[in-house]
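Working notes, beginning with the structure itself.
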Amino acid sequence: QVQLVESGGGLVQAGGSLRLSCTASGINFRIAAMAWYRQAPGKQRELVATITRGGTTNYADFVEGRFTISRDNAKNTVYLQMNSLKPEDTAVYYCNAALLGQNYWGQGTQVTVSS
């Protein structure tokens, strides 16, 4: 059974930082493409950042250099370091794994940025 478990969300003031973690089980993590998405209330889920199995990263335009996605294959974990957080970054953040044509999702972790 595939499981993606996110952690690290919380309440932070604008300008602050958070580091999200997502630990995977039940998949061959080393060959999975990993990503972070987010969904704010009343809005569609949107892509935040991706990292290939080879470590190539890509970011949404709104990240503007503030976030860094990384992965530790030894720990089956992908991270999202978020700095200079803004109130508009408030959302539920979801981990995604893409592998052999299948997509897997975590349960999400809430990030709230106060002004």
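Chain labels run A, B, ... following the order of the structure tokens; each chain numbers its residues from 1, and ligands are numbered from 1 in the order shown.
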(message) To test your reading of the structure, identify every residue in chain A that backbone DSSP assigns to strand (DSSP E or B), and report it as a PyMOL selection string.
(response) chain A and resi 3-7+10-13+18-25+33-39+46-51+57-59+67-72+77-82+91-99+102-105+109-114
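Of the residues under consideration (A:Gln102, A:Thr112, A:Ser25, A:Gln107), A:Gln107 shows the shortest atom-to-atom contact distance to A:Glu6 when counting only C-alpha atoms.
For the residues A:Phe62, A:Phe67, A:Trp105, A:Phe29, ranking by smallest atom-to-atom distance to A:Tyr79 using only C-alpha atoms places A:Phe67 first.
Residues within 9 Å of A:Ile27, counting only C-alpha atoms and excluding same-chain residues fewer than 6 positions away, are Gln1, Val2, Gln3, Ala97 and Leu99 of chain A.
Rounded to one decimal, atom CA of A:Thr52 and atom CA of A:Ile31 lie 8.2 Å from each other.
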